[in-house]
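Raw contents of structure-v2.cif, mmCIF, C-alpha atoms and all ligand atoms:
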```cif
data_start
#
loop_
_atom_site.label_atom_id
_atom_site.label_comp_id
_atom_site.auth_asym_id
_atom_site.auth_seq_id
_atom_site.Cartn_x
_atom_site.Cartn_y
_atom_site.Cartn_z
CA MET A 369 -53.69 -65.83 55.87
CA GLU A 370 -53.10 -69.51 56.70
CA ALA A 371 -56.36 -71.38 56.14
CA THR A 372 -56.69 -74.03 58.80
CA THR A 373 -60.37 -74.98 59.26
CA PRO A 374 -62.97 -75.68 56.55
CA GLU A 375 -64.72 -72.49 57.72
CA ASP A 376 -61.58 -70.35 57.27
CA ASN A 377 -60.91 -71.99 53.96
CA ALA A 378 -64.43 -71.32 52.66
CA LYS A 379 -64.33 -67.71 53.86
CA LEU A 380 -61.04 -67.12 52.10
CA ILE A 381 -62.27 -68.57 48.81
CA LEU A 382 -65.59 -66.72 48.92
CA ASP A 383 -64.03 -63.37 49.75
CA ARG A 384 -61.72 -63.70 46.77
CA LEU A 385 -64.44 -64.87 44.40
CA ARG A 386 -65.72 -62.29 41.92
CA LEU A 387 -69.39 -61.33 41.76
CA ASN A 388 -71.18 -63.95 39.62
CA GLY A 389 -68.08 -66.15 39.95
CA LEU A 390 -68.53 -69.89 40.27
CA TRP A 391 -67.33 -71.95 43.19
CA GLU A 392 -67.23 -75.69 42.64
CA PRO A 393 -65.67 -77.32 45.71
CA ALA A 394 -63.66 -80.33 44.52
CA GLY A 395 -65.44 -83.68 44.51
CA LEU A 396 -68.79 -82.50 45.89
CA GLY A 397 -70.83 -82.21 42.70
CA LEU A 398 -72.09 -78.76 43.65
CA SER A 399 -71.77 -75.41 41.84
CA TYR A 400 -72.32 -72.18 43.70
CA MET A 401 -72.43 -68.69 42.27
CA LYS A 402 -71.55 -65.62 44.30
CA THR A 403 -74.52 -63.27 44.10
CA GLY A 404 -73.58 -60.65 46.68
CA ASP A 405 -71.31 -59.67 49.55
CA ARG A 406 -72.53 -62.47 51.78
CA SER A 407 -74.77 -64.45 49.49
CA LEU A 408 -74.49 -67.44 47.20
CA LYS A 409 -76.81 -69.33 44.96
CA LEU A 410 -76.63 -73.07 44.44
CA VAL A 411 -76.98 -73.30 40.67
CA GLN A 412 -76.27 -76.93 39.98
CA GLN A 413 -76.17 -80.25 41.79
CA GLU A 414 -75.24 -83.66 40.49
CA LYS A 415 -77.84 -86.39 40.96
CA ASN A 416 -76.07 -88.70 43.38
CA PRO A 417 -75.96 -89.37 47.15
CA THR A 418 -72.53 -87.74 47.57
CA ALA A 419 -73.81 -84.43 46.24
CA SER A 420 -77.02 -84.62 48.32
CA GLN A 421 -75.06 -85.14 51.51
CA ALA A 422 -72.54 -82.48 50.58
CA ARG A 423 -75.37 -80.03 49.98
CA ILE A 424 -76.56 -80.44 53.57
CA ARG A 425 -73.05 -80.16 55.00
CA MET A 426 -72.31 -77.09 52.92
CA SER A 427 -75.52 -75.35 53.91
CA ILE A 428 -74.57 -75.77 57.60
CA LEU A 429 -71.05 -74.55 56.93
CA MET A 430 -72.31 -71.48 55.04
CA LYS A 431 -74.68 -70.62 57.87
CA ASP A 432 -71.80 -70.88 60.35
CA ILE A 433 -69.71 -68.34 58.48
CA GLY A 434 -72.62 -65.98 57.90
CA TRP A 435 -73.28 -66.56 54.20
CA LYS A 436 -76.78 -66.97 52.80
CA VAL A 437 -77.41 -69.68 50.22
CA ASP A 438 -80.33 -69.47 47.82
CA GLU A 439 -81.37 -73.03 46.93
CA SER A 440 -84.61 -72.16 45.16
CA GLU A 441 -83.52 -72.81 41.57
CA VAL A 442 -81.11 -75.71 41.53
CA GLU A 443 -80.54 -77.47 38.26
CA MET A 444 -80.14 -81.20 38.91
CA VAL A 445 -77.75 -82.83 36.46
CA ASP A 446 -77.35 -86.51 35.77
CA ILE A 447 -73.77 -87.14 34.77
CA GLU A 448 -73.64 -90.89 35.46
CA HIS A 449 -74.11 -91.80 31.81
CA LEU A 450 -71.63 -89.27 30.47
CA SER A 451 -68.07 -90.09 29.46
CA PRO A 452 -65.29 -88.10 31.14
CA GLN A 453 -64.90 -86.01 27.96
CA GLU A 454 -68.62 -85.24 27.85
CA ARG A 455 -68.55 -84.26 31.52
CA HIS A 456 -65.63 -81.97 30.85
CA MET A 457 -67.36 -80.41 27.85
CA GLN A 458 -70.52 -79.82 29.85
CA GLU A 459 -68.57 -78.23 32.69
CA MET A 460 -66.73 -75.91 30.33
CA MET A 461 -69.98 -74.87 28.68
CA LYS A 462 -71.54 -74.04 32.01
CA ARG A 463 -68.49 -72.03 33.10
CA GLN A 464 -68.48 -70.11 29.84
CA GLU A 465 -72.16 -69.38 30.16
CA VAL A 466 -71.60 -68.00 33.64
CA ALA A 467 -68.60 -65.94 32.52
CA GLN A 468 -70.78 -64.19 29.93
CA ASN A 469 -72.63 -62.52 32.81
CA TRP A 470 -69.68 -61.18 34.76
CA PRO A 471 -70.15 -57.42 35.12
CA CYS A 472 -67.71 -54.50 35.15
CA PRO A 473 -67.25 -53.73 38.89
CA GLU A 474 -68.02 -50.05 38.27
CA CYS A 475 -70.74 -49.79 35.63
CA VAL A 476 -72.06 -53.38 35.17
CA THR A 477 -71.19 -53.53 31.45
CA PRO A 478 -70.62 -57.28 30.84
CA LEU A 479 -66.92 -58.17 30.71
CA ALA A 480 -67.84 -60.14 27.58
CA ALA A 481 -68.37 -56.79 25.80
CA PHE A 482 -64.86 -55.55 26.63
CA PRO A 483 -62.21 -55.54 23.86
CA LEU A 484 -60.81 -58.77 25.23
CA GLU A 485 -58.19 -59.23 22.53
CA GLU A 486 -56.48 -56.12 23.93
CA GLY A 487 -55.98 -57.73 27.34
CA VAL A 488 -52.54 -56.98 28.80
CA TRP A 489 -50.71 -59.76 30.65
CA LYS A 490 -49.07 -58.53 33.83
CA PHE A 491 -46.64 -60.39 36.09
CA GLU A 492 -47.49 -59.78 39.73
CA GLY A 493 -44.59 -61.58 41.36
CA GLU A 494 -44.35 -64.97 42.97
CA GLU A 495 -46.42 -66.41 45.74
CA ASP A 496 -46.18 -69.52 47.88
CA MET A 497 -48.55 -72.30 47.07
CA GLU A 498 -49.10 -75.12 49.53
CA LEU A 499 -48.83 -78.59 48.02
CA PRO A 500 -50.86 -81.59 49.22
CA THR A 501 -47.60 -82.93 50.72
CA GLY A 502 -47.38 -79.90 53.04
CA ASP A 503 -44.39 -78.42 51.19
CA THR A 504 -44.69 -75.05 49.56
CA GLU A 505 -43.74 -74.12 46.06
CA LYS A 506 -43.21 -70.72 44.46
CA VAL A 507 -45.68 -70.04 41.68
CA GLU A 508 -45.84 -67.05 39.37
CA ARG A 509 -48.91 -64.90 39.66
CA TRP A 510 -50.24 -63.35 36.46
CA VAL A 511 -53.29 -61.27 35.73
CA VAL A 512 -54.76 -60.11 32.44
CA VAL A 513 -55.88 -56.50 32.60
CA ILE A 514 -58.87 -55.61 30.44
CA LYS A 515 -60.43 -52.19 30.10
CA CYS A 516 -64.10 -51.24 30.25
CA PRO A 517 -65.20 -49.61 26.96
CA VAL A 518 -67.85 -47.59 28.82
CA CYS A 519 -66.23 -46.30 32.03
CA ASP A 520 -62.51 -46.96 31.33
CA THR A 521 -62.05 -49.01 34.50
CA SER A 522 -59.15 -51.47 34.33
CA VAL A 523 -60.22 -54.92 35.48
CA PRO A 524 -57.52 -57.46 36.38
CA MET A 525 -58.60 -61.04 35.65
CA GLU A 526 -57.25 -64.45 36.57
CA PRO A 527 -55.74 -65.99 33.42
CA TYR A 528 -58.13 -68.95 33.66
CA ASP A 529 -61.16 -66.66 33.82
CA TYR A 530 -59.77 -64.58 30.98
CA GLY A 531 -59.42 -67.72 28.85
CA LEU A 532 -63.01 -68.71 29.62
CA LEU A 533 -64.28 -65.34 28.53
CA ALA A 534 -62.01 -64.57 25.60
CA GLY A 535 -61.94 -68.11 24.18
CA ASP A 536 -59.05 -70.19 22.87
CA ASP A 537 -58.29 -67.83 19.99
CA ALA A 538 -57.22 -65.11 22.41
CA MET A 539 -54.68 -67.49 23.90
CA VAL A 540 -53.05 -68.21 20.55
CA VAL A 541 -51.85 -64.66 19.89
CA TYR A 542 -49.60 -62.88 22.37
CA ARG A 543 -48.53 -59.26 22.08
CA ALA A 544 -45.20 -58.54 23.79
CA ASN A 545 -43.77 -54.99 23.83
CA THR A 546 -42.69 -54.80 20.22
CA ILE A 547 -43.44 -58.26 18.87
CA SER A 548 -46.62 -60.19 18.34
CA TYR A 549 -46.40 -63.98 18.61
CA THR A 550 -48.86 -66.43 17.11
CA ALA A 551 -48.66 -70.02 18.32
CA LEU A 552 -48.88 -72.69 15.64
CA SER A 553 -50.69 -76.00 15.82
CA ARG A 554 -48.93 -79.16 14.67
CA PRO A 555 -50.52 -79.19 11.17
CA GLU A 556 -49.65 -75.50 10.78
CA ILE A 557 -46.02 -76.15 11.73
CA ILE A 558 -45.80 -78.90 9.13
CA ASP A 559 -47.36 -76.67 6.48
CA PHE A 560 -45.05 -73.77 7.31
CA ILE A 561 -41.94 -75.96 7.21
CA ASP A 562 -42.81 -78.02 4.11
CA ASN A 563 -43.77 -74.99 2.10
CA LYS A 564 -41.10 -72.67 3.52
CA LEU A 565 -43.81 -70.16 4.29
CA THR A 566 -41.88 -68.03 6.73
CA ASP A 567 -38.50 -66.92 8.07
CA SER A 568 -40.13 -65.68 11.23
CA LEU A 569 -40.50 -68.93 13.10
CA VAL A 570 -39.02 -69.39 16.59
CA ILE A 571 -39.42 -71.64 19.61
CA THR A 572 -40.09 -69.69 22.78
CA GLY A 573 -38.42 -70.09 26.14
CA THR A 574 -39.05 -68.03 29.25
CA PHE A 575 -38.12 -64.66 27.78
CA CYS A 576 -38.89 -62.78 24.60
CA ALA A 577 -35.94 -63.27 22.23
CA PHE A 578 -36.18 -59.65 21.13
CA SER A 579 -36.93 -57.55 24.21
CA GLY A 580 -35.87 -59.96 26.96
CA GLU A 581 -39.18 -59.47 28.76
CA LEU A 582 -40.74 -62.31 30.75
CA LEU A 583 -43.34 -64.27 28.80
CA PRO A 584 -46.49 -65.62 30.47
CA PRO A 585 -46.44 -69.40 31.03
CA HIS A 586 -48.86 -70.26 28.22
CA VAL A 587 -46.56 -68.62 25.65
CA ARG A 588 -43.49 -70.63 26.68
CA GLY A 589 -42.28 -73.75 24.93
CA ALA A 590 -44.33 -73.06 21.82
CA VAL A 591 -43.55 -72.90 18.13
CA VAL A 592 -44.56 -69.40 17.09
CA VAL A 593 -44.38 -67.02 14.17
CA PHE A 594 -43.55 -63.45 15.10
CA SER A 595 -44.24 -60.13 13.51
CA SER A 596 -43.28 -56.68 14.74
CA ILE A 597 -46.03 -54.51 16.13
CA GLU A 598 -46.42 -51.27 14.23
CA GLU A 599 -45.67 -48.29 16.42
CA GLU A 600 -48.75 -46.18 16.91
CA GLU A 601 -47.94 -42.52 17.22
ZN ZN B 701 -67.35 -50.11 33.34
#
```

If you took the structure in this file and wrote it as structure tokens, what would it be?
Amino acid sequence: MEATTPEDNAKLILDRLRLNGLWEPAGLGLSYMKTGDRSLKLVQQEKNPTASQARIRMSILMKDIGWKVDESEVEMVDIEHLSPQERHMQEMMKRQEVAQNWPCPECVTPLAAFPLEEGVWKFEGEEDMELPTGDTEKVERWVVVIKCPVCDTSVPMEPYDYGLLAGDDAMVVYRANTISYTALSRPEIIDFIDNKLTDSLVITGTFCAFSGELLPPHVRGAVVVFSSIEEEE
């Protein structure tokens, strides 16, 4: 599994990438989309010499590892005049646009049409991540399992991809086994405290205070209101 050469590294990333998933190698100014088993499409390129050179290098690399790259419809983007925030916004919009087209692996229903708010967070254990220093660190691996409304297939998603697709609102509410948590923003916290709006306010740690189950990282260290989930018989 150890990725040693740029070729190995690229192969590993591309094999793991979902269909219609985006690959944006760091610092190159290029965005590729996976369009098939061994094919990619260059969808966007920044207008600068770094990206132009990288495009040539990447096309050689892709050929070497047996992947086809379609470069017939490349959108050239000029980001020189944009502020870092504007660049970030534009990137997020592009990623969200792409995510809207991800299909169910079985029946091609768009994942965007799934009942995303019913996604179930699942802890898959720890894995070693290599740091730039060469050391390794244990990181938790989580997936969010969503279910196809048409063919019932369960699709595990990377939390980042899930967030892209489901939007920020889906990340605010978390359903544990028996308790539903809703994270509060700073103004909401102030309103709740000043007006004594609730007795159901807690600060989360690593585990659910009620069931003891492990909470996903984005739910930890937050001020939340909780309510019990009605049992459905
Ligand atoms: Zn399906």

Rounded to one decimal place, report the atom CA of A:Ser420-atom CA of A:Ala467 distance in Å.
25.9 Å

Residues within 7 Å of ligand ZN 701 (chain B) (only C-alpha atoms and all ligand atoms), as a ChimeraX atom specification?
/A:472-477,516-521

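When atom CA of A:Asn545 is paired with atom CA of A:Phe594, their separation reads 12.2 Å.
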
Which neighbours of A:Trp510 fall inside 9 Å, counting all atoms listed in the file, when residues of the same chain fewer than 2 positions from it are skipped, and could you give them as a PyMOL selection string?
chain A and resi 489-494+508+512+525-527+584-585

May I have the selected residues written with C-alpha atoms, as a compact mmCIF listing (two decimals), in the coordinates of the input?
```txt
# COMPACT_ATOMS: atom_id res chain seq x y z
CA TRP A 489 -50.71 -59.76 30.65
CA LYS A 490 -49.07 -58.53 33.83
CA PHE A 491 -46.64 -60.39 36.09
CA GLU A 492 -47.49 -59.78 39.73
CA GLY A 493 -44.59 -61.58 41.36
CA GLU A 494 -44.35 -64.97 42.97
CA GLU A 508 -45.84 -67.05 39.37
CA VAL A 512 -54.76 -60.11 32.44
CA MET A 525 -58.60 -61.04 35.65
CA GLU A 526 -57.25 -64.45 36.57
CA PRO A 527 -55.74 -65.99 33.42
CA PRO A 584 -46.49 -65.62 30.47
CA PRO A 585 -46.44 -69.40 31.03
```

So which residues touch A:Val411 within 10 Å, counting all atoms listed in the file, skipping near sequence neighbours fewer than 4 positions away, as a PyMOL selection string?
chain A and resi 390+398-401+438-444

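Closest approach to A:Glu448 among A:Lys402, A:Arg425, A:Lys415, A:Arg386: A:Lys415, based on all atoms listed in the file.
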
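Counting from atom CA of A:Met539, the distance to atom CA of A:Val592 is 12.3 Å.
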
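Shortest atom-to-atom contact with A:Asp446 among A:Gly389, A:Pro374, A:Gly434, A:Gly397: A:Gly397, counting only C-alpha atoms.
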
For a quick check of understanding, using only C-alpha atoms, which of A:Val511, A:Ser548, A:Arg423, A:Gly589 has the smallest distance to A:Pro524?
A:Val511

Find the spatial neighbours of stretch 532-534 of chain A, counting all atoms listed in the file, within a cut-off of 6 Å - ignore same-chain residues fewer than 2 positions away - and output them as a PyMOL selection string.
chain A and resi 464+467+484+529-530+538

Hey, which of A:Thr372, A:Ser579, A:Asn563, A:Gln412 ends up closest to A:Lys462? Count only C-alpha atoms.
A:Gln412
